[in-house]
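Containing compact mmCIF, C-alpha atoms and all ligand atoms: work.txt.
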# COMPACT_ATOMS: atom_id res chain seq x y z
CA MET A 1 0.00 0.00 0.00
CA HIS A 2 1.33 3.48 -0.89
CA SER A 3 1.04 6.38 1.54
CA TYR A 4 -1.38 9.14 0.57
CA VAL A 5 0.08 11.57 -2.00
CA SER A 6 -1.09 14.49 -4.07
CA LEU A 7 0.23 16.23 -7.15
CA THR A 8 -0.69 19.88 -7.64
CA ILE A 9 -0.02 21.85 -10.80
CA SER A 10 -0.45 25.61 -10.43
CA ASP A 11 -0.49 28.31 -13.11
CA LEU A 12 1.76 26.35 -15.42
CA TRP A 13 3.08 28.10 -18.51
CA ILE A 14 4.83 25.84 -21.00
CA GLU A 15 6.48 27.20 -24.12
CA ARG A 16 8.37 25.26 -26.78
CA ASP A 17 10.06 26.81 -29.77
CA GLU A 18 8.59 30.17 -28.68
CA ARG A 19 5.05 28.76 -28.96
CA ASP A 20 2.80 28.72 -25.92
CA LEU A 21 1.40 25.25 -25.22
CA CYS A 22 -0.45 26.25 -22.05
CA LYS A 23 -0.73 29.26 -19.78
CA GLY A 24 -2.27 29.27 -16.31
CA LEU A 25 -2.88 25.52 -16.28
CA SER A 26 -3.86 24.25 -12.82
CA PHE A 27 -5.16 20.95 -11.53
CA GLU A 28 -4.72 18.59 -8.61
CA VAL A 29 -4.74 14.79 -8.39
CA HIS A 30 -4.51 12.44 -5.44
CA SER A 31 -3.76 8.85 -4.52
CA GLY A 32 -6.27 6.60 -6.21
CA ASP A 33 -6.67 8.86 -9.26
CA VAL A 34 -5.99 8.14 -12.90
CA LEU A 35 -5.61 11.43 -14.73
CA ARG A 36 -5.87 11.29 -18.51
CA ILE A 37 -4.42 14.19 -20.50
CA LEU A 38 -6.38 14.67 -23.69
CA GLY A 39 -5.69 16.86 -26.69
CA GLU A 40 -4.98 16.94 -30.39
CA ASN A 41 -1.65 15.96 -31.93
CA GLY A 42 0.86 18.65 -31.08
CA ALA A 43 -1.32 20.18 -28.35
CA GLY A 44 1.40 19.64 -25.75
CA LYS A 45 0.42 16.51 -23.80
CA SER A 46 3.88 14.94 -23.93
CA SER A 47 5.45 18.29 -23.07
CA LEU A 48 3.25 18.54 -19.99
CA LEU A 49 4.31 15.05 -18.86
CA LYS A 50 7.97 16.00 -19.45
CA VAL A 51 7.52 19.12 -17.32
CA MET A 52 5.90 17.01 -14.60
CA ALA A 53 8.77 14.52 -14.81
CA GLY A 54 11.40 17.29 -14.68
CA VAL A 55 12.74 16.58 -18.17
CA ILE A 56 12.01 20.14 -19.35
CA PRO A 57 11.36 23.22 -17.18
CA PRO A 58 8.16 25.28 -17.29
CA LEU A 59 8.44 28.98 -18.12
CA GLU A 60 6.29 29.77 -15.06
CA GLY A 61 4.23 27.93 -12.49
CA GLN A 62 4.71 25.45 -9.67
CA ILE A 63 4.51 21.72 -9.16
CA HIS A 64 3.88 20.40 -5.66
CA TYR A 65 4.19 16.74 -4.68
CA SER A 66 2.39 16.09 -1.41
CA GLU A 67 2.48 19.82 -0.73
CA LYS A 68 6.26 20.12 -1.19
CA ASP A 69 7.42 22.41 -3.97
CA VAL A 70 9.31 20.24 -6.48
CA THR A 71 9.40 22.76 -9.34
CA GLN A 72 13.15 23.35 -8.99
CA ASP A 73 14.42 20.60 -6.69
CA ARG A 74 13.17 17.37 -8.23
CA SER A 75 14.79 14.92 -5.80
CA LEU A 76 11.52 14.05 -4.04
CA LEU A 77 9.82 13.51 -7.37
CA HIS A 78 12.68 11.36 -8.67
CA GLU A 79 12.42 9.17 -5.58
CA ASN A 80 8.70 8.67 -6.02
CA ALA A 81 7.89 8.96 -9.71
CA LEU A 82 8.38 6.71 -12.71
CA TYR A 83 8.24 8.42 -16.11
CA ILE A 84 7.93 6.28 -19.22
CA GLY A 85 8.08 8.51 -22.28
CA HIS A 86 7.14 8.09 -25.91
CA PHE A 87 10.48 6.56 -26.76
CA ALA A 88 10.19 4.10 -23.91
CA GLY A 89 13.69 4.57 -22.43
CA VAL A 90 14.97 1.17 -23.52
CA LYS A 91 18.44 0.66 -24.91
CA ARG A 92 18.17 -1.23 -28.16
CA LEU A 93 21.62 -2.85 -28.04
CA LEU A 94 21.05 -4.32 -24.57
CA THR A 95 19.07 -7.50 -23.92
CA VAL A 96 15.68 -7.50 -22.22
CA GLU A 97 17.27 -8.62 -18.94
CA GLU A 98 20.08 -6.04 -19.16
CA ASN A 99 17.56 -3.27 -19.77
CA LEU A 100 15.46 -4.21 -16.78
CA ARG A 101 18.45 -4.68 -14.49
CA TRP A 102 19.74 -1.28 -15.59
CA HIS A 103 16.52 0.39 -14.43
CA CYS A 104 15.84 -1.93 -11.46
CA PRO A 105 19.25 -3.15 -10.21
CA ASN A 106 17.81 -4.74 -7.06
CA VAL A 107 15.21 -6.86 -8.82
CA LEU A 108 15.03 -10.43 -7.53
CA PRO A 109 15.37 -13.23 -10.11
CA ASN A 110 11.91 -14.65 -9.33
CA GLU A 111 10.33 -11.18 -9.60
CA LEU A 112 11.96 -10.67 -12.98
CA GLU A 113 10.86 -14.11 -14.16
CA SER A 114 7.24 -13.73 -13.06
CA THR A 115 6.95 -10.25 -14.60
CA LEU A 116 8.42 -11.38 -17.91
CA THR A 117 6.16 -14.44 -17.91
CA HIS A 118 3.13 -12.22 -17.27
CA LEU A 119 4.16 -9.96 -20.15
CA GLY A 120 4.95 -12.84 -22.54
CA LEU A 121 8.63 -11.90 -22.68
CA LEU A 122 10.35 -14.69 -20.77
CA SER A 123 11.68 -16.45 -23.85
CA PHE A 124 13.17 -13.11 -24.99
CA LEU A 125 15.17 -12.59 -21.79
CA ASP A 126 18.51 -12.78 -23.60
CA SER A 127 17.39 -11.13 -26.83
CA PRO A 128 18.74 -7.69 -27.71
CA VAL A 129 15.82 -5.27 -27.71
CA GLN A 130 16.59 -4.29 -31.30
CA THR A 131 15.43 -7.76 -32.39
CA LEU A 132 11.95 -7.34 -30.82
CA SER A 133 8.71 -6.09 -32.34
CA ALA A 134 7.32 -2.63 -31.46
CA GLY A 135 4.73 -4.14 -29.11
CA GLN A 136 7.37 -6.28 -27.39
CA VAL A 137 9.63 -3.22 -26.93
CA ARG A 138 6.71 -1.40 -25.35
CA ARG A 139 6.19 -4.37 -23.01
CA VAL A 140 9.87 -4.25 -22.00
CA ALA A 141 9.48 -0.54 -21.15
CA LEU A 142 6.28 -1.18 -19.22
CA ALA A 143 7.81 -4.06 -17.24
CA ARG A 144 9.24 -1.36 -14.95
CA LEU A 145 5.69 -0.73 -13.74
CA TRP A 146 5.76 -4.23 -12.23
CA LEU A 147 9.33 -4.06 -10.93
CA SER A 148 9.65 -0.57 -9.48
CA LYS A 149 7.92 0.50 -6.29
CA LYS A 150 7.21 4.09 -7.33
CA THR A 151 3.93 5.74 -6.35
CA LEU A 152 3.45 8.23 -9.19
CA TRP A 153 3.42 6.90 -12.74
CA LEU A 154 3.77 9.39 -15.60
CA LEU A 155 3.01 7.47 -18.78
CA ASP A 156 3.16 8.87 -22.30
CA GLU A 157 1.02 6.81 -24.69
CA PRO A 158 1.55 3.59 -22.69
CA PHE A 159 -0.93 1.63 -24.84
CA ALA A 160 0.83 2.45 -28.13
CA SER A 161 1.67 -0.73 -30.08
CA LEU A 162 0.04 -3.04 -27.53
CA ASP A 163 -2.35 -5.74 -28.73
CA ASP A 164 -5.72 -6.38 -27.04
CA LYS A 165 -4.22 -8.74 -24.49
CA GLY A 166 -1.48 -6.24 -23.65
CA ILE A 167 -4.05 -3.47 -23.19
CA VAL A 168 -6.03 -5.64 -20.75
CA ILE A 169 -2.88 -6.56 -18.79
CA LEU A 170 -1.82 -2.90 -18.51
CA GLU A 171 -5.29 -1.60 -17.61
CA ASP A 172 -5.55 -4.28 -14.89
CA HIS A 173 -2.18 -3.25 -13.51
CA ILE A 174 -3.05 0.46 -13.50
CA ARG A 175 -6.34 -0.30 -11.72
CA GLN A 176 -4.50 -2.36 -9.13
CA HIS A 177 -1.88 0.37 -8.64
CA VAL A 178 -4.43 3.10 -7.92
CA SER A 179 -6.47 0.77 -5.70
CA LEU A 180 -3.33 0.50 -3.53
CA GLY A 181 -3.01 4.29 -3.27
CA GLY A 182 -0.89 4.90 -6.39
CA LEU A 183 -1.40 7.82 -8.73
CA VAL A 184 -1.26 7.66 -12.53
CA VAL A 185 -1.07 10.47 -15.08
CA LEU A 186 -1.17 9.31 -18.68
CA THR A 187 -1.69 10.46 -22.22
CA THR A 188 -3.55 8.29 -24.67
CA HIS A 189 -5.53 8.73 -27.86
CA GLN A 190 -7.62 5.65 -27.16
CA ASN A 191 -10.56 5.10 -24.86
CA LEU A 192 -9.81 3.40 -21.59
CA ARG A 193 -11.85 0.22 -21.39
CA SER A 194 -11.94 -0.63 -17.71
CA ILE A 195 -10.44 2.37 -15.93
CA SER A 196 -12.33 5.39 -14.68
CA SER A 197 -10.24 8.48 -15.17
CA ARG A 198 -10.38 12.17 -14.53
CA ASP A 199 -9.60 14.06 -17.71
CA VAL A 200 -7.70 17.26 -18.43
CA VAL A 201 -8.22 18.54 -21.95
CA PHE A 202 -5.06 20.17 -23.11
CA SER A 203 -5.71 23.12 -25.38
CA LEU A 204 -4.99 26.82 -25.24
N1 LIG B 301 12.08 18.53 -28.65
C1 LIG B 301 11.29 19.53 -29.04
N2 LIG B 301 11.81 20.75 -29.31
C2 LIG B 301 11.03 21.76 -29.68
N3 LIG B 301 9.69 21.67 -29.83
C3 LIG B 301 9.13 20.50 -29.57
C4 LIG B 301 9.87 19.37 -29.16
N4 LIG B 301 9.04 18.33 -28.98
C5 LIG B 301 7.81 18.80 -29.27
N5 LIG B 301 7.87 20.10 -29.62
C6 LIG B 301 6.74 20.93 -30.02
O1 LIG B 301 5.85 21.09 -28.93
C7 LIG B 301 4.52 21.00 -29.38
C8 LIG B 301 3.80 19.98 -28.52
O2 LIG B 301 4.37 18.69 -28.74
P1 LIG B 301 3.96 17.47 -27.83
O3 LIG B 301 4.79 16.32 -28.26
O4 LIG B 301 3.99 17.89 -26.42
O5 LIG B 301 2.42 17.28 -28.28
P2 LIG B 301 1.41 16.08 -28.00
O6 LIG B 301 0.12 16.71 -27.58
O7 LIG B 301 2.00 15.10 -27.07
O8 LIG B 301 1.26 15.47 -29.45
P3 LIG B 301 0.92 13.99 -29.97
O9 LIG B 301 -0.53 13.73 -29.66
O10 LIG B 301 1.16 14.12 -31.43
O11 LIG B 301 1.86 13.03 -29.30
C9 LIG B 301 4.53 20.65 -30.85
O12 LIG B 301 4.24 21.81 -31.59
C10 LIG B 301 5.94 20.22 -31.11
O13 LIG B 301 6.37 20.65 -32.37
Rewrite the structure of this file - the entire thing - as structure tokens.
Amino acid sequence: MHSYVSLTISDLWIERDERDLCKGLSFEVHSGDVLRILGENGAGKSSLLKVMAGVIPPLEGQIHYSEKDVTQDRSLLHENALYIGHFAGVKRLLTVEENLRWHCPNVLPNELESTLTHLGLLSFLDSPVQTLSAGQVRRVALARLWLSKKTLWLLDEPFASLDDKGIVILEDHIRQHVSLGGLVVLTTHQNLRSISSRDVVFSL
């Protein structure tokens, strides 16, 4: 069970290439919430997730994690948040096992085995990621959701390339995570089948 957390975005102004993506954006989410960021292609959904993850800075505004200001000092967020971006953060020359051990060095062998079995990847343990299909690469990236103990998940298009079975597995896992007090912020262009979400529509 995760302890109770909140994420508060206040008056956020994000600009990229001198183009405003949002100004004065504010919202708050808590343990147990799934927040879905909606918007057209290019609206700025991924940029918002990157700002929340500390990958790019906002022009103005604040981010609070459990009421502590993490806009500048991201250490608390880094301890508690897992960001999986569009490009999945997997190293294509490394094997599946090497990738997961890189991100989760303390993983126990049985934990790794059961997660990879669940995700249909066990027989690819020793395969370099560059030899996998797009959906399998996505599964390797998402395996960190089973192996890490982070409370806040920031997921950019996590369902991209997944087949029906993969979508069900991931939705089940997200539901379980929030039922244990986790918090999930995600972008997706598809309808969630079995998850109730709060939505933020991203447009100027
Ligand atoms: N690395 C970058 N450098 C400069 N501008 C960028 C960069 N990445 C994205 N942008 C610009 O920021 C704007 C928002 O892009 P972003 O990827 O956040 O949109 P999105 O809503 O996630 O789009 P999509 O639904 O297509 O994934 C776009 O106009 C894009 O051109």
Handout entry: Long-range neighbours of region 187-190 of chain A as a VMD selection string, 12 Å cut-off, all atoms listed in the file, 4 positions minimum in chain
Key = chain A and resid 34 to 41 43 to 50 83 to 86 153 to 162 167 197 to 202
Pull C-alpha atoms from the residues just selected and write them as a PDB file, keeping the file's coordinate frame.
ATOM      1  CA  VAL A  34      -5.990   8.140 -12.900  1.00  0.00           C
ATOM      2  CA  LEU A  35      -5.610  11.430 -14.730  1.00  0.00           C
ATOM      3  CA  ARG A  36      -5.870  11.290 -18.510  1.00  0.00           C
ATOM      4  CA  ILE A  37      -4.420  14.190 -20.500  1.00  0.00           C
ATOM      5  CA  LEU A  38      -6.380  14.670 -23.690  1.00  0.00           C
ATOM      6  CA  GLY A  39      -5.690  16.860 -26.690  1.00  0.00           C
ATOM      7  CA  GLU A  40      -4.980  16.940 -30.390  1.00  0.00           C
ATOM      8  CA  ASN A  41      -1.650  15.960 -31.930  1.00  0.00           C
ATOM      9  CA  ALA A  43      -1.320  20.180 -28.350  1.00  0.00           C
ATOM     10  CA  GLY A  44       1.400  19.640 -25.750  1.00  0.00           C
ATOM     11  CA  LYS A  45       0.420  16.510 -23.800  1.00  0.00           C
ATOM     12  CA  SER A  46       3.880  14.940 -23.930  1.00  0.00           C
ATOM     13  CA  SER A  47       5.450  18.290 -23.070  1.00  0.00           C
ATOM     14  CA  LEU A  48       3.250  18.540 -19.990  1.00  0.00           C
ATOM     15  CA  LEU A  49       4.310  15.050 -18.860  1.00  0.00           C
ATOM     16  CA  LYS A  50       7.970  16.000 -19.450  1.00  0.00           C
ATOM     17  CA  TYR A  83       8.240   8.420 -16.110  1.00  0.00           C
ATOM     18  CA  ILE A  84       7.930   6.280 -19.220  1.00  0.00           C
ATOM     19  CA  GLY A  85       8.080   8.510 -22.280  1.00  0.00           C
ATOM     20  CA  HIS A  86       7.140   8.090 -25.910  1.00  0.00           C
ATOM     21  CA  TRP A 153       3.420   6.900 -12.740  1.00  0.00           C
ATOM     22  CA  LEU A 154       3.770   9.390 -15.600  1.00  0.00           C
ATOM     23  CA  LEU A 155       3.010   7.470 -18.780  1.00  0.00           C
ATOM     24  CA  ASP A 156       3.160   8.870 -22.300  1.00  0.00           C
ATOM     25  CA  GLU A 157       1.020   6.810 -24.690  1.00  0.00           C
ATOM     26  CA  PRO A 158       1.550   3.590 -22.690  1.00  0.00           C
ATOM     27  CA  PHE A 159      -0.930   1.630 -24.840  1.00  0.00           C
ATOM     28  CA  ALA A 160       0.830   2.450 -28.130  1.00  0.00           C
ATOM     29  CA  SER A 161       1.670  -0.730 -30.080  1.00  0.00           C
ATOM     30  CA  LEU A 162       0.040  -3.040 -27.530  1.00  0.00           C
ATOM     31  CA  ILE A 167      -4.050  -3.470 -23.190  1.00  0.00           C
ATOM     32  CA  SER A 197     -10.240   8.480 -15.170  1.00  0.00           C
ATOM     33  CA  ARG A 198     -10.380  12.170 -14.530  1.00  0.00           C
ATOM     34  CA  ASP A 199      -9.600  14.060 -17.710  1.00  0.00           C
ATOM     35  CA  VAL A 200      -7.700  17.260 -18.430  1.00  0.00           C
ATOM     36  CA  VAL A 201      -8.220  18.540 -21.950  1.00  0.00           C
ATOM     37  CA  PHE A 202      -5.060  20.170 -23.110  1.00  0.00           C
TER      38      PHE A 202
END
Practice task
Would you mind reading off the distance between atom O11 of ligand LIG 301 (chain B) and CA of Asn191 (chain A), one decimal, in Å?
Solution key: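 Result for atom O11 of ligand LIG 301 (chain B) versus CA of Asn191 (chain A): 15.4 Å, one decimal.
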Practice task
Could you tell me how far CA of Val168 (chain A) lies from CA of Leu125 (chain A), in Å and to one decimal?
Solution key: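 According to the coordinates, CA of Val168 (chain A) and CA of Leu125 (chain A) are separated by 22.3 Å.
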Exercise for the section: Give the answer as one residue: which of A:Gly42, A:Tyr4, A:Ile195, A:Ser26 has the shortest atom-to-atom distance to ligand LIG 301 (chain B), using all atoms listed in the file? Expected result: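 Going through A:Gly42, A:Tyr4, A:Ile195, A:Ser26 one by one, the smallest distance to ligand LIG 301 (chain B) is for A:Gly42.
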Practice task
In Å, rounded to a single decimal, give me how far atom N4 of ligand LIG 301 (chain B) is from CA of Gly166 (chain A).
Solution key: 27.3 Å
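Nearest to ligand LIG 301 (chain B) of all the residues A:Ile169, A:Cys104, A:Val55, A:Ala141 is A:Val55, counting all atoms listed in the file.
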Handout entry: Nearest residue to ligand LIG 301 (chain B) from the set A:Gln62, A:Leu25, A:Ile56, A:Val70 (distances using only C-alpha atoms and all ligand atoms)
Key =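 Checking each of A:Gln62, A:Leu25, A:Ile56, A:Val70 against ligand LIG 301 (chain B), counting only C-alpha atoms and all ligand atoms, the winner is A:Ile56.
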Handout entry: For Leu122 (chain A), the nearest of the candidates A:Val29, A:Val96, A:Leu147, A:Leu183, counting all atoms listed in the file
Key =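 Ranked by minimum distance to Leu122 (chain A), first place goes to A:Val96.
In terms of minimum interatomic distance to ligand LIG 301 (chain B), A:Asp20 ranks closest within A:Glu60, A:Glu28, A:Glu67, A:Asp20, counting all atoms listed in the file.
Nearest-residue note for Leu152 (chain A): choosing from A:Leu119, A:Leu21, A:Ser10, A:Gly182, the minimum distance belongs to A:Gly182, counting only C-alpha atoms.
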Emit as lines of an AutoDock Vina configuration file the padded axis-aligned box for all listed atoms of region 4-20 of chain A, 3 Å per side, with centre and edge lengths in Å to one decimal.
center_x = 4.3
center_y = 19.7
center_z = -14.6
size_x = 17.4
size_y = 27.0
size_z = 36.3
Practice task
Find the residues around region 127-135 of chain A up to 9 Å (only C-alpha atoms counted), leave out those fewer than 2 positions away in its own chain, and share them as an NGL selection string.
Solution key: :A and (90-99 or 123-125 or 137-140 or 160-163 or 166)
C-alpha atoms of the current selection, written as a PDB file, in the coordinates of the input:
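What ended up in selection-v7.pdb:
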ATOM      1  CA  VAL A  90      14.970   1.170 -23.520  1.00  0.00           C
ATOM      2  CA  LYS A  91      18.440   0.660 -24.910  1.00  0.00           C
ATOM      3  CA  ARG A  92      18.170  -1.230 -28.160  1.00  0.00           C
ATOM      4  CA  LEU A  93      21.620  -2.850 -28.040  1.00  0.00           C
ATOM      5  CA  LEU A  94      21.050  -4.320 -24.570  1.00  0.00           C
ATOM      6  CA  THR A  95      19.070  -7.500 -23.920  1.00  0.00           C
ATOM      7  CA  VAL A  96      15.680  -7.500 -22.220  1.00  0.00           C
ATOM      8  CA  GLU A  97      17.270  -8.620 -18.940  1.00  0.00           C
ATOM      9  CA  GLU A  98      20.080  -6.040 -19.160  1.00  0.00           C
ATOM     10  CA  ASN A  99      17.560  -3.270 -19.770  1.00  0.00           C
ATOM     11  CA  SER A 123      11.680 -16.450 -23.850  1.00  0.00           C
ATOM     12  CA  PHE A 124      13.170 -13.110 -24.990  1.00  0.00           C
ATOM     13  CA  LEU A 125      15.170 -12.590 -21.790  1.00  0.00           C
ATOM     14  CA  VAL A 137       9.630  -3.220 -26.930  1.00  0.00           C
ATOM     15  CA  ARG A 138       6.710  -1.400 -25.350  1.00  0.00           C
ATOM     16  CA  ARG A 139       6.190  -4.370 -23.010  1.00  0.00           C
ATOM     17  CA  VAL A 140       9.870  -4.250 -22.000  1.00  0.00           C
ATOM     18  CA  ALA A 160       0.830   2.450 -28.130  1.00  0.00           C
ATOM     19  CA  SER A 161       1.670  -0.730 -30.080  1.00  0.00           C
ATOM     20  CA  LEU A 162       0.040  -3.040 -27.530  1.00  0.00           C
ATOM     21  CA  ASP A 163      -2.350  -5.740 -28.730  1.00  0.00           C
ATOM     22  CA  GLY A 166      -1.480  -6.240 -23.650  1.00  0.00           C
TER      23      GLY A 166
END
Provide region 127-140 of chain A rebuilt to N, CA and C atoms, formatted as a short mmCIF file (atom, residue, chain, number, x, y, z; two decimals), in the frame of the given file.
data_model
loop_
_atom_site.label_atom_id
_atom_site.label_comp_id
_atom_site.auth_asym_id
_atom_site.auth_seq_id
_atom_site.Cartn_x
_atom_site.Cartn_y
_atom_site.Cartn_z
N SER A 127 17.39 -11.73 -25.48
CA SER A 127 17.39 -11.13 -26.83
C SER A 127 17.69 -9.64 -26.75
N PRO A 128 18.56 -9.15 -27.65
CA PRO A 128 18.74 -7.69 -27.71
C PRO A 128 17.40 -7.05 -28.10
N VAL A 129 17.11 -5.92 -27.47
CA VAL A 129 15.82 -5.27 -27.71
C VAL A 129 15.63 -4.93 -29.19
N GLN A 130 16.73 -4.67 -29.89
CA GLN A 130 16.59 -4.29 -31.30
C GLN A 130 16.03 -5.43 -32.17
N THR A 131 15.98 -6.65 -31.61
CA THR A 131 15.43 -7.76 -32.39
C THR A 131 13.94 -7.99 -32.07
N LEU A 132 13.36 -7.15 -31.21
CA LEU A 132 11.95 -7.34 -30.82
C LEU A 132 11.01 -6.50 -31.67
N SER A 133 9.72 -6.88 -31.64
CA SER A 133 8.71 -6.09 -32.34
C SER A 133 8.38 -4.83 -31.52
N ALA A 134 7.65 -3.90 -32.15
CA ALA A 134 7.32 -2.63 -31.46
C ALA A 134 6.51 -2.90 -30.18
N GLY A 135 5.55 -3.84 -30.28
CA GLY A 135 4.73 -4.14 -29.11
C GLY A 135 5.56 -4.80 -28.01
N GLN A 136 6.50 -5.64 -28.39
CA GLN A 136 7.37 -6.28 -27.39
C GLN A 136 8.29 -5.24 -26.73
N VAL A 137 8.78 -4.28 -27.52
CA VAL A 137 9.63 -3.22 -26.93
C VAL A 137 8.81 -2.42 -25.91
N ARG A 138 7.58 -2.12 -26.28
CA ARG A 138 6.71 -1.40 -25.35
C ARG A 138 6.52 -2.21 -24.07
N ARG A 139 6.36 -3.52 -24.20
CA ARG A 139 6.19 -4.37 -23.01
C ARG A 139 7.45 -4.35 -22.14
N VAL A 140 8.62 -4.32 -22.77
CA VAL A 140 9.87 -4.25 -22.00
C VAL A 140 9.88 -2.94 -21.19
#
